[in-house]
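Below is one structure, written out as structure tokens; comments come after it.
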Amino acid sequence: MKKVLILNGHQYYDEVAKGELTQSYINRANDFFLKNGFEVKHSVVDKEYEINEEVDKFAWADYILFQYPVYWMTLPWKAKKYVDEIFSAGAGKVTYASDGRSRENASKRYGSGGLMTDKKYMLSLTYNCPTSEFDNKDGFFEGLSLDEANYAVHKTFQFCGAQQLETYSVHDIFKGDLNLDEELDKFEKVLSKNFL
């Protein structure tokens, strides 16, 4: 049976970011995975967690779905703290063995010491910015794609050896005309493509 860890990277802010949108995506993902015969575990960065238990979840999982809102062009700080703590605690056991380089073998490159080579991950992101800001040389991200704009998170997983799946994102979440049912259907199509 396939095993997936759903990681809730939301950080609560009263009025602006209470977490309902993130939870809607997590609920849809949970239902999708259970319906398709996956075992599912959850982690929540905005609640207390035990570091060794979280490391064990990463060891257990075949897949990681990382759902989070993009705050100030990156992870919420509690999500970054979680990644720092869990990925560091997993060193030598789950996440990475070394940075990959070797005094004995100069062909071994930096970033090749990951232990998560049997795992795949998916980012699912909620954004206030419109999609038009990506892949647009005149846009805010100066021509970067969605994945390029989230380079640091992808590189963190790559450092640990995990394989990237297609990223999902929803945009203009504060505009007032978000059709959540339609977006959740798009999300489920990406889940199907990535996990079935």
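Just remember, in the structure tokens the first chain shown is A, the second B, etc., residues are 1-based per chain, and ligands are 1-based in the order shown.
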
Could you find all residues in range 10-192 of chain A that DSSP calls helix (DSSP H, G or I) from the backbone, and write them as an MDAnalysis selection string? chainID A and resid 20:35 51:60 77:89 131:133 146:149 151:159 180:192

Mind checking which residues fall within 6 Å of Asn8 in chain A, counting only C-alpha atoms, ignoring those fewer than 2 positions away in the same chain, and posting them as a list in words? His10, Val44 and Gln67 of chain A

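The residue that comes closest to Asn194 in chain A, out of A:Ala17, A:Val70, A:Leu115, A:Ile64 and on the basis of only C-alpha atoms, is A:Ile64.
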
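Interatomic distance, CA of Gly19 in chain A to CA of Ser124 in chain A: 14.1 Å.
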
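Residues of range 113-187 of chain A carrying a DSSP assignment of strand (DSSP E), computed from the backbone, are Lys120, Tyr121, Met122, Leu123, Ser124, Leu125, Thr126, Gln163, Gln164, Tyr168, Ser169 and Val170 of chain A.
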
Excluding range 90-98 of chain A and its own-chain neighbours fewer than 6 positions away, which residues fall within 7 Å of it when counting only C-alpha atoms? Please give them as number ranges by chain. A: 55, 59, 113-116, 160

Kindly save the residues from that selection, with C-alpha atoms included, as a CSV table (one decimal), in the first residue's frame.
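Output contents, as saved in result.csv:
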chain,number,residue,atom,x,y,z
A,55,VAL,CA,11.3,12.2,11.3
A,59,ALA,CA,10.9,7.6,7.0
A,113,GLY,CA,24.1,12.6,-0.4
A,114,GLY,CA,20.3,12.4,0.0
A,115,LEU,CA,18.7,9.4,1.6
A,116,MET,CA,15.1,10.1,0.3
A,160,CYS,CA,17.7,15.0,0.3

CA of Pro69 in chain A and CA of Phe134 in chain A, how far apart in Å? 16.6 Å

Which residue gives the smallest distance to Leu5 in chain A among A:Asp172, A:Asn150, A:Phe32, A:Lys57, with only C-alpha atoms counted? A:Lys57

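In this model, the gap between CA of Ala29 in chain A and CA of Leu184 in chain A comes to 9.2 Å.
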